[in-house]
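Below is one structure, written out as structure tokens; the observations come after it.
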Amino acid sequence: MIEARGISVSIGTRRIISDVDFDVRPGEVAAIVGPNGSGKTTFLKALSGDLPYTGRIVINNRDMAGLKPWETASMRAVLPQATALSFPFTVHEVVKLGLMSGRSGALPGEERNLPQRALARVDLDGFAGRYYQELSGGEQQRVQLARVLCQVWTPVLNGKPRYLFLDEPVSSLDIKHQLIIMEIARDFARGGGGVVAILHDLNLTAMHADRICVMHRGRLAAAGTPQDVMTDELISRVFECDLKVGALPAGNVPFVLPQSVSL
Amino acid sequence: MVDGVADRLGTVEKRASMGDRSGRAKLAIALLTALLVLTMLFSLASGASDASAFAVVRDWLFPSLSDGSALSARDRIIVYDIRLPRVVLGVLIGAALAVSGAVMQGLFRNPLADPGLVGVSAGAGLGAIVVIVLGGTFLGPVLALFGIYTLPLAAFFGGLATTLILYRVATRRGQTSIATMLLAGIALGAMAGAFSGIMVYLADDRQLRDLTFWGLGSLAGATWTKIASAGPIIVLALIVSPFLARGLNALALGEAAAHHLGISVQRFKNVAIVSVAAATGASVAVSGGIGFVGIVVPHLLRLLIGPDNRYLLPASALLGASMLLLADAVSRTIVAPAELPIGIITAAVGGPFFLWILLRKRGILDL
């Protein structure tokens, strides 16, 4: 489990996020939503150890401040929003970089085929020999996800859960691949790992997230299940437009129709 | 046997087409090793004198076969004290230049980063010039303390200072701006040039001759003493380089992603910068500025075996050494019995190549 308590991040003199509490539980997909500039990515960066923060982040009962990069690398993998490469790497070579930390958790014999399996997983079978730089933005994003999956291939290692941090994993994907990626996240959670994903599509979030953390102006506006969090009042206030939340009869999954808005 | 080799090659190429170029890279490293051995033998055997390196090597390996008369003392001196140090120095410098180019390109995430191009060599040169010119004055005690290592050490610190400033200026939040890097390189090169100019102004006639010859870049005057002064530093940098490969590969994804993959990014960058400065500084100290090896060799190899630094770094060392030896052979024979500074040869070949890179910059080589 990851417990973040009172996390604040300042860049220069500007306070970007203040006093955010957040938990990531094994077996759960946690989504972070919020308008642009609300501090979602900054919070994920603090969680990944990229930015100095105040507060306390504990991952599997160990304070992250005391962990070496190679230790955290075996506990969590991070998918950035977009990754540009300056050298002509093939897709296979990029995905294989995920095995660098050496703790994929796959059996030694299996590790060799892991890039291939990870690529099949993100629906990029047959792309291994292509140059990364020649791919479309959405394809590049899926290659990076395959790399990240290789790093923490088994959601649990030595009895301890591992985590996937995904920064807008579906932002440049078509609907089919959005669903495939969210299914991968679900599977990872089902296998005992934890997932944190920054998402913009509220409907996709409602369908796939166990818990939603809503950020607003650098603070946590609400956290809880989709049913708890996605209310007309909260969604309208945070996104500053008059949205109506509906609910599907089956499973009580909330949905948001932008058609209801008059700006 | 032939079928077996053909099969193996088929497998290697099939894997490469599936994106796994490691087999091809290993093959390339084996071939480059063979190439280096051949160029070394060729360099040892060729020269203005007709001294037979073959006879020397034969006598060395099989003393019993020696007929005594065929191998004069003169031949032995030419091969052991003139050609051999030159070959050894050529191998060290060629490897150092190519590897520091490759490391710097990985560090800056940019195929255009090269110690010669971005002012690091100029900074190293300034360090060396200061020692050459002021060595007889107030720097005397330093010279006495470090002996033959003073020159390479001074060049190392010159190169290190330039690299650190360059990195500071050109890199913001883990992203290096190519324009800023090249412009900062020009500025640093100009500053180093200006200070070097002041030193040249202060130099006496003998020092001036040293400086001119040295500034053009040359392996001429290679002695065992020079090898003893710069060799250990270069060898150390070359030994460190394979350990940089993993970090450089991770860094290709950006500093944040490298950190996520478990690399201690700041410490890694420090080690990489120091080793580039050491290799460049030591090379510049003994052979002056030899341009373009650091940019041409890694670039050619990336086209052939891909950018994986685990293979790129050793392959660069091997090809850099071979290329410099060949360039040196040309420089010794093209206007024999006189010789052309090797920097002229590498620039004459490297300049057009560099333009070719720029022309091809669209597509997968996109800069």
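Chain labels A, B, ... are given in the sequence in which chains occur in the structure tokens; within each chain residues are numbered consecutively from 1, and ligands are likewise numbered from 1 in the order shown.
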Contact check, chain B to chain A, at most 9 Å, counting only C-alpha atoms, closest pairs as JSON lines:
{"residue": "B:Arg15", "atom": "CA", "partner": "A:Gly129", "partner_atom": "CA", "distance": 8.6}
{"residue": "B:Ala16", "atom": "CA", "partner": "A:Gly129", "partner_atom": "CA", "distance": 7.2}
{"residue": "B:Ser17", "atom": "CA", "partner": "A:Gly129", "partner_atom": "CA", "distance": 5.3}
{"residue": "B:Met18", "atom": "CA", "partner": "A:Gly129", "partner_atom": "CA", "distance": 4.1}
{"residue": "B:Gly19", "atom": "CA", "partner": "A:Gly129", "partner_atom": "CA", "distance": 3.6}
{"residue": "B:Asp20", "atom": "CA", "partner": "A:His92", "partner_atom": "CA", "distance": 6.2}
{"residue": "B:Arg21", "atom": "CA", "partner": "A:Glu93", "partner_atom": "CA", "distance": 8.3}
{"residue": "B:Gly106", "atom": "CA", "partner": "A:Phe87", "partner_atom": "CA", "distance": 8.9}
{"residue": "B:Arg109", "atom": "CA", "partner": "A:Ser86", "partner_atom": "CA", "distance": 6.1}
{"residue": "B:Asn110", "atom": "CA", "partner": "A:Ser86", "partner_atom": "CA", "distance": 6.1}
{"residue": "B:Pro111", "atom": "CA", "partner": "A:Phe87", "partner_atom": "CA", "distance": 7.3}
{"residue": "B:Arg246", "atom": "CA", "partner": "A:Met100", "partner_atom": "CA", "distance": 7.6}
{"residue": "B:Asn249", "atom": "CA", "partner": "A:Leu97", "partner_atom": "CA", "distance": 7.5}
{"residue": "B:Ala250", "atom": "CA", "partner": "A:Leu97", "partner_atom": "CA", "distance": 6.9}
{"residue": "B:Ala252", "atom": "CA", "partner": "A:Leu85", "partner_atom": "CA", "distance": 6.2}
{"residue": "B:Leu253", "atom": "CA", "partner": "A:Leu85", "partner_atom": "CA", "distance": 6.1}
{"residue": "B:Gly254", "atom": "CA", "partner": "A:Thr83", "partner_atom": "CA", "distance": 7.6}
{"residue": "B:Ala256", "atom": "CA", "partner": "A:Asp50", "partner_atom": "CA", "distance": 6.4}
{"residue": "B:Ala257", "atom": "CA", "partner": "A:Val78", "partner_atom": "CA", "distance": 7.5}
{"residue": "B:His259", "atom": "CA", "partner": "A:Pro69", "partner_atom": "CA", "distance": 6.3}
{"residue": "B:His260", "atom": "CA", "partner": "A:Ala73", "partner_atom": "CA", "distance": 5.7}
{"residue": "B:Leu261", "atom": "CA", "partner": "A:Ala73", "partner_atom": "CA", "distance": 5.3}
{"residue": "B:Gly262", "atom": "CA", "partner": "A:Trp70", "partner_atom": "CA", "distance": 3.8}
{"residue": "B:Ile263", "atom": "CA", "partner": "A:Pro69", "partner_atom": "CA", "distance": 5.9}
{"residue": "B:Ser264", "atom": "CA", "partner": "A:Pro69", "partner_atom": "CA", "distance": 5.9}
{"residue": "B:Val265", "atom": "CA", "partner": "A:Pro69", "partner_atom": "CA", "distance": 8.8}
{"residue": "B:Arg302", "atom": "CA", "partner": "A:Pro88", "partner_atom": "CA", "distance": 7.6}
{"residue": "B:Leu303", "atom": "CA", "partner": "A:Pro88", "partner_atom": "CA", "distance": 8.1}
{"residue": "B:Gly306", "atom": "CA", "partner": "A:Phe89", "partner_atom": "CA", "distance": 6.4}
{"residue": "B:Pro307", "atom": "CA", "partner": "A:Phe89", "partner_atom": "CA", "distance": 6.2}
{"residue": "B:Asp308", "atom": "CA", "partner": "A:Phe89", "partner_atom": "CA", "distance": 7.7}
{"residue": "B:Gly363", "atom": "CA", "partner": "A:Glu134", "partner_atom": "CA", "distance": 7.7}
{"residue": "B:Ile364", "atom": "CA", "partner": "A:Pro88", "partner_atom": "CA", "distance": 5.9}
{"residue": "B:Leu365", "atom": "CA", "partner": "A:Pro88", "partner_atom": "CA", "distance": 6.5}
{"residue": "B:Asp366", "atom": "CA", "partner": "A:Ser86", "partner_atom": "CA", "distance": 7.4}
{"residue": "B:Leu367", "atom": "CA", "partner": "A:Ser86", "partner_atom": "CA", "distance": 6.7}
Based on the selection just made, write N, CA and C atoms of those residues as an mmCIF file, in the first residue's frame.
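again15.cif written:
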data_model
loop_
_atom_site.group_PDB
_atom_site.id
_atom_site.type_symbol
_atom_site.label_atom_id
_atom_site.label_comp_id
_atom_site.auth_asym_id
_atom_site.auth_seq_id
_atom_site.Cartn_x
_atom_site.Cartn_y
_atom_site.Cartn_z
ATOM 1 N N ARG B 15 16.633 -11.800 -36.422
ATOM 2 C CA ARG B 15 16.410 -11.126 -35.138
ATOM 3 C C ARG B 15 16.474 -9.613 -35.296
ATOM 4 N N ALA B 16 17.427 -9.151 -36.120
ATOM 5 C CA ALA B 16 17.566 -7.707 -36.311
ATOM 6 C C ALA B 16 16.300 -7.138 -36.943
ATOM 7 N N SER B 17 15.709 -7.892 -37.881
ATOM 8 C CA SER B 17 14.494 -7.391 -38.520
ATOM 9 C C SER B 17 13.326 -7.394 -37.534
ATOM 10 N N MET B 18 13.451 -8.196 -36.460
ATOM 11 C CA MET B 18 12.430 -8.176 -35.404
ATOM 12 C C MET B 18 12.762 -7.127 -34.334
ATOM 13 N N GLY B 19 13.752 -6.308 -34.620
ATOM 14 C CA GLY B 19 14.079 -5.221 -33.708
ATOM 15 C C GLY B 19 15.173 -5.544 -32.715
ATOM 16 N N ASP B 20 15.657 -6.800 -32.682
ATOM 17 C CA ASP B 20 16.709 -7.169 -31.734
ATOM 18 C C ASP B 20 18.049 -7.184 -32.469
ATOM 19 N N ARG B 21 18.794 -6.073 -32.352
ATOM 20 C CA ARG B 21 20.035 -5.969 -33.107
ATOM 21 C C ARG B 21 21.249 -6.413 -32.299
ATOM 22 N N GLY B 106 25.121 10.548 -25.609
ATOM 23 C CA GLY B 106 24.120 9.922 -24.754
ATOM 24 C C GLY B 106 23.728 10.825 -23.605
ATOM 25 N N ARG B 109 21.685 13.556 -24.835
ATOM 26 C CA ARG B 109 20.593 13.006 -25.639
ATOM 27 C C ARG B 109 20.590 13.648 -27.010
ATOM 28 N N ASN B 110 21.742 13.768 -27.601
ATOM 29 C CA ASN B 110 21.826 14.499 -28.844
ATOM 30 C C ASN B 110 22.981 13.997 -29.699
ATOM 31 N N PRO B 111 22.695 13.562 -30.934
ATOM 32 C CA PRO B 111 23.759 12.993 -31.764
ATOM 33 C C PRO B 111 24.785 14.027 -32.236
ATOM 34 N N ARG B 246 24.439 1.242 -19.357
ATOM 35 C CA ARG B 246 23.074 1.063 -18.869
ATOM 36 C C ARG B 246 22.419 2.417 -18.589
ATOM 37 N N ASN B 249 21.643 4.328 -21.748
ATOM 38 C CA ASN B 249 20.437 3.795 -22.389
ATOM 39 C C ASN B 249 19.189 4.331 -21.708
ATOM 40 N N ALA B 250 19.188 4.313 -20.375
ATOM 41 C CA ALA B 250 18.018 4.798 -19.633
ATOM 42 C C ALA B 250 17.817 6.285 -19.895
ATOM 43 N N ALA B 252 18.316 7.896 -22.458
ATOM 44 C CA ALA B 252 17.717 8.165 -23.773
ATOM 45 C C ALA B 252 16.225 8.449 -23.631
ATOM 46 N N LEU B 253 15.612 7.926 -22.564
ATOM 47 C CA LEU B 253 14.174 8.154 -22.336
ATOM 48 C C LEU B 253 13.918 9.459 -21.594
ATOM 49 N N GLY B 254 14.972 10.141 -21.185
ATOM 50 C CA GLY B 254 14.817 11.363 -20.393
ATOM 51 C C GLY B 254 15.254 11.117 -18.964
ATOM 52 N N ALA B 256 13.846 11.889 -16.041
ATOM 53 C CA ALA B 256 12.832 11.375 -15.120
ATOM 54 C C ALA B 256 12.658 9.876 -15.336
ATOM 55 N N ALA B 257 12.535 9.450 -16.595
ATOM 56 C CA ALA B 257 12.327 8.027 -16.880
ATOM 57 C C ALA B 257 13.544 7.207 -16.441
ATOM 58 N N HIS B 259 15.431 7.852 -13.918
ATOM 59 C CA HIS B 259 15.258 7.724 -12.474
ATOM 60 C C HIS B 259 14.217 6.644 -12.158
ATOM 61 N N HIS B 260 13.110 6.631 -12.895
ATOM 62 C CA HIS B 260 12.073 5.615 -12.661
ATOM 63 C C HIS B 260 12.598 4.207 -12.891
ATOM 64 N N LEU B 261 13.592 4.090 -13.793
ATOM 65 C CA LEU B 261 14.154 2.775 -14.090
ATOM 66 C C LEU B 261 15.216 2.374 -13.069
ATOM 67 N N GLY B 262 15.471 3.252 -12.091
ATOM 68 C CA GLY B 262 16.375 2.866 -11.024
ATOM 69 C C GLY B 262 17.772 3.445 -11.104
ATOM 70 N N ILE B 263 17.983 4.432 -11.983
ATOM 71 C CA ILE B 263 19.312 5.042 -12.101
ATOM 72 C C ILE B 263 19.415 6.231 -11.135
ATOM 73 N N SER B 264 20.528 6.344 -10.420
ATOM 74 C CA SER B 264 20.793 7.549 -9.620
ATOM 75 C C SER B 264 21.314 8.601 -10.582
ATOM 76 N N VAL B 265 20.381 9.382 -11.116
ATOM 77 C CA VAL B 265 20.699 10.194 -12.294
ATOM 78 C C VAL B 265 21.835 11.184 -12.041
ATOM 79 N N ARG B 302 25.737 3.715 -35.043
ATOM 80 C CA ARG B 302 24.314 3.716 -34.716
ATOM 81 C C ARG B 302 23.478 3.277 -35.904
ATOM 82 N N LEU B 303 23.906 3.671 -37.110
ATOM 83 C CA LEU B 303 23.181 3.249 -38.311
ATOM 84 C C LEU B 303 23.265 1.735 -38.465
ATOM 85 N N GLY B 306 22.592 0.134 -34.147
ATOM 86 C CA GLY B 306 21.603 0.753 -33.266
ATOM 87 C C GLY B 306 22.259 1.482 -32.122
ATOM 88 N N PRO B 307 21.454 2.222 -31.337
ATOM 89 C CA PRO B 307 22.009 3.117 -30.317
ATOM 90 C C PRO B 307 22.225 2.482 -28.940
ATOM 91 N N ASP B 308 22.055 1.150 -28.808
ATOM 92 C CA ASP B 308 22.245 0.516 -27.499
ATOM 93 C C ASP B 308 23.705 0.676 -27.068
ATOM 94 N N GLY B 363 13.653 12.049 -41.163
ATOM 95 C CA GLY B 363 13.531 10.601 -41.083
ATOM 96 C C GLY B 363 14.060 10.094 -39.766
ATOM 97 N N ILE B 364 14.531 8.863 -39.752
ATOM 98 C CA ILE B 364 14.869 8.241 -38.478
ATOM 99 C C ILE B 364 16.080 8.868 -37.829
ATOM 100 N N LEU B 365 16.849 9.611 -38.608
ATOM 101 C CA LEU B 365 18.030 10.226 -38.014
ATOM 102 C C LEU B 365 17.719 11.594 -37.466
ATOM 103 N N ASP B 366 16.435 11.895 -37.427
ATOM 104 C CA ASP B 366 16.030 13.243 -37.062
ATOM 105 C C ASP B 366 16.791 13.762 -35.851
ATOM 106 N N LEU B 367 17.397 14.930 -36.024
ATOM 107 C CA LEU B 367 18.156 15.511 -34.932
ATOM 108 C C LEU B 367 17.240 16.325 -34.049
#
Pull the alpha helix (DSSP H) assignments for range 147-313 of chain B out of DSSP run on the backbone, and list those residues as a ChimeraX atom specification. /B:150-170,178-202,205-215,224-251,255-260,265-287,293-305,309-313
Excluding Asp21 in chain A and any residue of its chain fewer than 4 positions from it, enumerate the residues within 9 Å of it, using only C-alpha atoms, and give them as a PyMOL selection string. chain A and resi 3-7+220
Just-selected residues, C-alpha atoms written as a compact mmCIF listing (two decimals), in the first residue's frame:
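Written out: again00.txt:
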# COMPACT_ATOMS: atom_id res chain seq x y z
CA GLU A 3 0.18 6.19 1.84
CA ALA A 4 0.80 9.82 0.99
CA ARG A 5 0.14 12.25 3.83
CA GLY A 6 0.14 16.02 3.69
CA ILE A 7 1.99 16.23 0.40
CA LEU A 220 -7.78 17.39 -2.84
According to DSSP computed on the backbone, where in range 8-206 of chain A is there strand (DSSP E)? Give the residues as a ChimeraX atom specification. /A:8-11,14-24,29-33,54-59,62-63,76-79,156-157,160-161,163-167,194-198
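The space separating CA of Leu47 in chain A from CA of Ser136 in chain A comes to 28.7 Å.
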So how far away is CA of Leu112 in chain B from CA of Thr39 in chain B, in Å?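 Going from CA of Thr39 in chain B over to CA of Leu112 in chain B, I get 27.7 Å.
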Write out as an MDAnalysis selection string which residues come within 8 Å of Thr223 in chain B when counting only C-alpha atoms, dropping same-chain ones fewer than 5 positions away. chainID B and resid 81:82 85:86
Tell me which protein, DNA and RNA residues are within 10 Å of Phe353 in chain B, counting only C-alpha atoms, leaving out same-chain ones fewer than 3 positions away, and put them as an mmCIF file with N, CA and C atoms, in the first residue's frame.
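Contents of around.cif, freshly written:
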data_model
loop_
_atom_site.group_PDB
_atom_site.id
_atom_site.type_symbol
_atom_site.label_atom_id
_atom_site.label_comp_id
_atom_site.auth_asym_id
_atom_site.auth_seq_id
_atom_site.Cartn_x
_atom_site.Cartn_y
_atom_site.Cartn_z
ATOM 1 N N PHE B 292 36.249 15.408 -35.241
ATOM 2 C CA PHE B 292 35.270 14.611 -35.987
ATOM 3 C C PHE B 292 35.250 13.118 -35.704
ATOM 4 N N ILE B 295 32.304 12.277 -33.536
ATOM 5 C CA ILE B 295 30.945 12.401 -34.054
ATOM 6 C C ILE B 295 30.685 11.404 -35.178
ATOM 7 N N VAL B 296 31.712 11.156 -36.000
ATOM 8 C CA VAL B 296 31.530 10.286 -37.159
ATOM 9 C C VAL B 296 31.384 8.818 -36.738
ATOM 10 N N LEU B 300 28.063 6.480 -37.424
ATOM 11 C CA LEU B 300 28.105 5.355 -38.371
ATOM 12 C C LEU B 300 27.635 4.074 -37.699
ATOM 13 N N ALA B 347 39.589 16.070 -40.423
ATOM 14 C CA ALA B 347 38.677 17.159 -40.754
ATOM 15 C C ALA B 347 38.260 17.092 -42.214
ATOM 16 N N ALA B 348 39.204 16.714 -43.088
ATOM 17 C CA ALA B 348 38.883 16.638 -44.514
ATOM 18 C C ALA B 348 37.848 15.556 -44.788
ATOM 19 N N VAL B 349 37.908 14.453 -44.016
ATOM 20 C CA VAL B 349 36.929 13.382 -44.197
ATOM 21 C C VAL B 349 35.672 13.652 -43.369
ATOM 22 N N GLY B 350 35.887 14.140 -42.145
ATOM 23 C CA GLY B 350 34.779 14.322 -41.218
ATOM 24 C C GLY B 350 33.860 15.472 -41.588
ATOM 25 N N TRP B 356 26.732 15.605 -44.540
ATOM 26 C CA TRP B 356 25.839 14.533 -44.986
ATOM 27 C C TRP B 356 24.819 14.200 -43.878
ATOM 28 N N ILE B 357 25.301 14.181 -42.618
ATOM 29 C CA ILE B 357 24.377 13.948 -41.504
ATOM 30 C C ILE B 357 23.292 15.013 -41.504
ATOM 31 N N LEU B 358 23.691 16.265 -41.683
ATOM 32 C CA LEU B 358 22.730 17.361 -41.642
ATOM 33 C C LEU B 358 21.724 17.234 -42.784
ATOM 34 N N LEU B 359 22.209 16.820 -43.963
ATOM 35 C CA LEU B 359 21.308 16.656 -45.106
ATOM 36 C C LEU B 359 20.282 15.566 -44.856
#
If I take CA of Ile93 in chain B and CA of Ala279 in chain B, how far is one from the other in Å, to one decimal?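 According to the coordinates, CA of Ile93 in chain B and CA of Ala279 in chain B are separated by 8.3 Å.
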I'd like the contact shell of Leu134 in chain B - 12 Å cut-off, only C-alpha atoms, skipping same-chain residues fewer than 2 positions apart - returned as number ranges by chain. B: 126-132, 136-143, 150-151, 154, 196, 198-204, 207
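Summary of the local environment: counting only C-alpha atoms, residues at most 9 Å from Glu168 in chain A, other than itself and those fewer than 2 positions away along its chain, are Thr41, Leu79, Pro80, Gln81, Leu166, Val170, Ser171, Ser172, Ala197, Ile198, Leu199 and His200 of chain A.
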Write to file, as a short mmCIF file (atom, residue, chain, number, x, y, z; two decimals), in the first residue's frame, the residues of the selection just made, with N, CA and C atoms.
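File part_37.cif, as written:
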data_model
loop_
_atom_site.label_atom_id
_atom_site.label_comp_id
_atom_site.auth_asym_id
_atom_site.auth_seq_id
_atom_site.Cartn_x
_atom_site.Cartn_y
_atom_site.Cartn_z
N THR A 41 -0.53 16.07 -12.33
CA THR A 41 0.77 15.56 -12.75
C THR A 41 1.84 15.86 -11.70
N LEU A 79 4.60 5.55 -16.21
CA LEU A 79 4.38 5.88 -17.63
C LEU A 79 4.22 7.38 -17.76
N PRO A 80 5.18 8.05 -18.43
CA PRO A 80 5.06 9.49 -18.60
C PRO A 80 4.02 9.84 -19.68
N GLN A 81 3.66 11.13 -19.74
CA GLN A 81 2.66 11.53 -20.74
C GLN A 81 3.12 11.26 -22.16
N LEU A 166 0.38 5.86 -13.99
CA LEU A 166 0.11 6.16 -15.39
C LEU A 166 -0.34 7.61 -15.53
N VAL A 170 -4.27 7.22 -21.68
CA VAL A 170 -5.13 7.03 -22.86
C VAL A 170 -5.34 8.32 -23.64
N SER A 171 -4.53 9.35 -23.29
CA SER A 171 -4.82 10.68 -23.85
C SER A 171 -4.74 10.73 -25.37
N SER A 172 -3.85 9.94 -26.00
CA SER A 172 -3.77 10.05 -27.46
C SER A 172 -4.23 8.76 -28.14
N ALA A 197 -3.82 6.28 -11.94
CA ALA A 197 -3.86 6.81 -13.29
C ALA A 197 -4.48 8.19 -13.29
N ILE A 198 -3.80 9.11 -13.99
CA ILE A 198 -4.40 10.42 -14.22
C ILE A 198 -5.28 10.28 -15.46
N LEU A 199 -6.54 10.64 -15.34
CA LEU A 199 -7.46 10.46 -16.46
C LEU A 199 -8.24 11.75 -16.69
N HIS A 200 -8.63 11.95 -17.94
CA HIS A 200 -9.45 13.12 -18.25
C HIS A 200 -10.88 12.73 -18.58
#
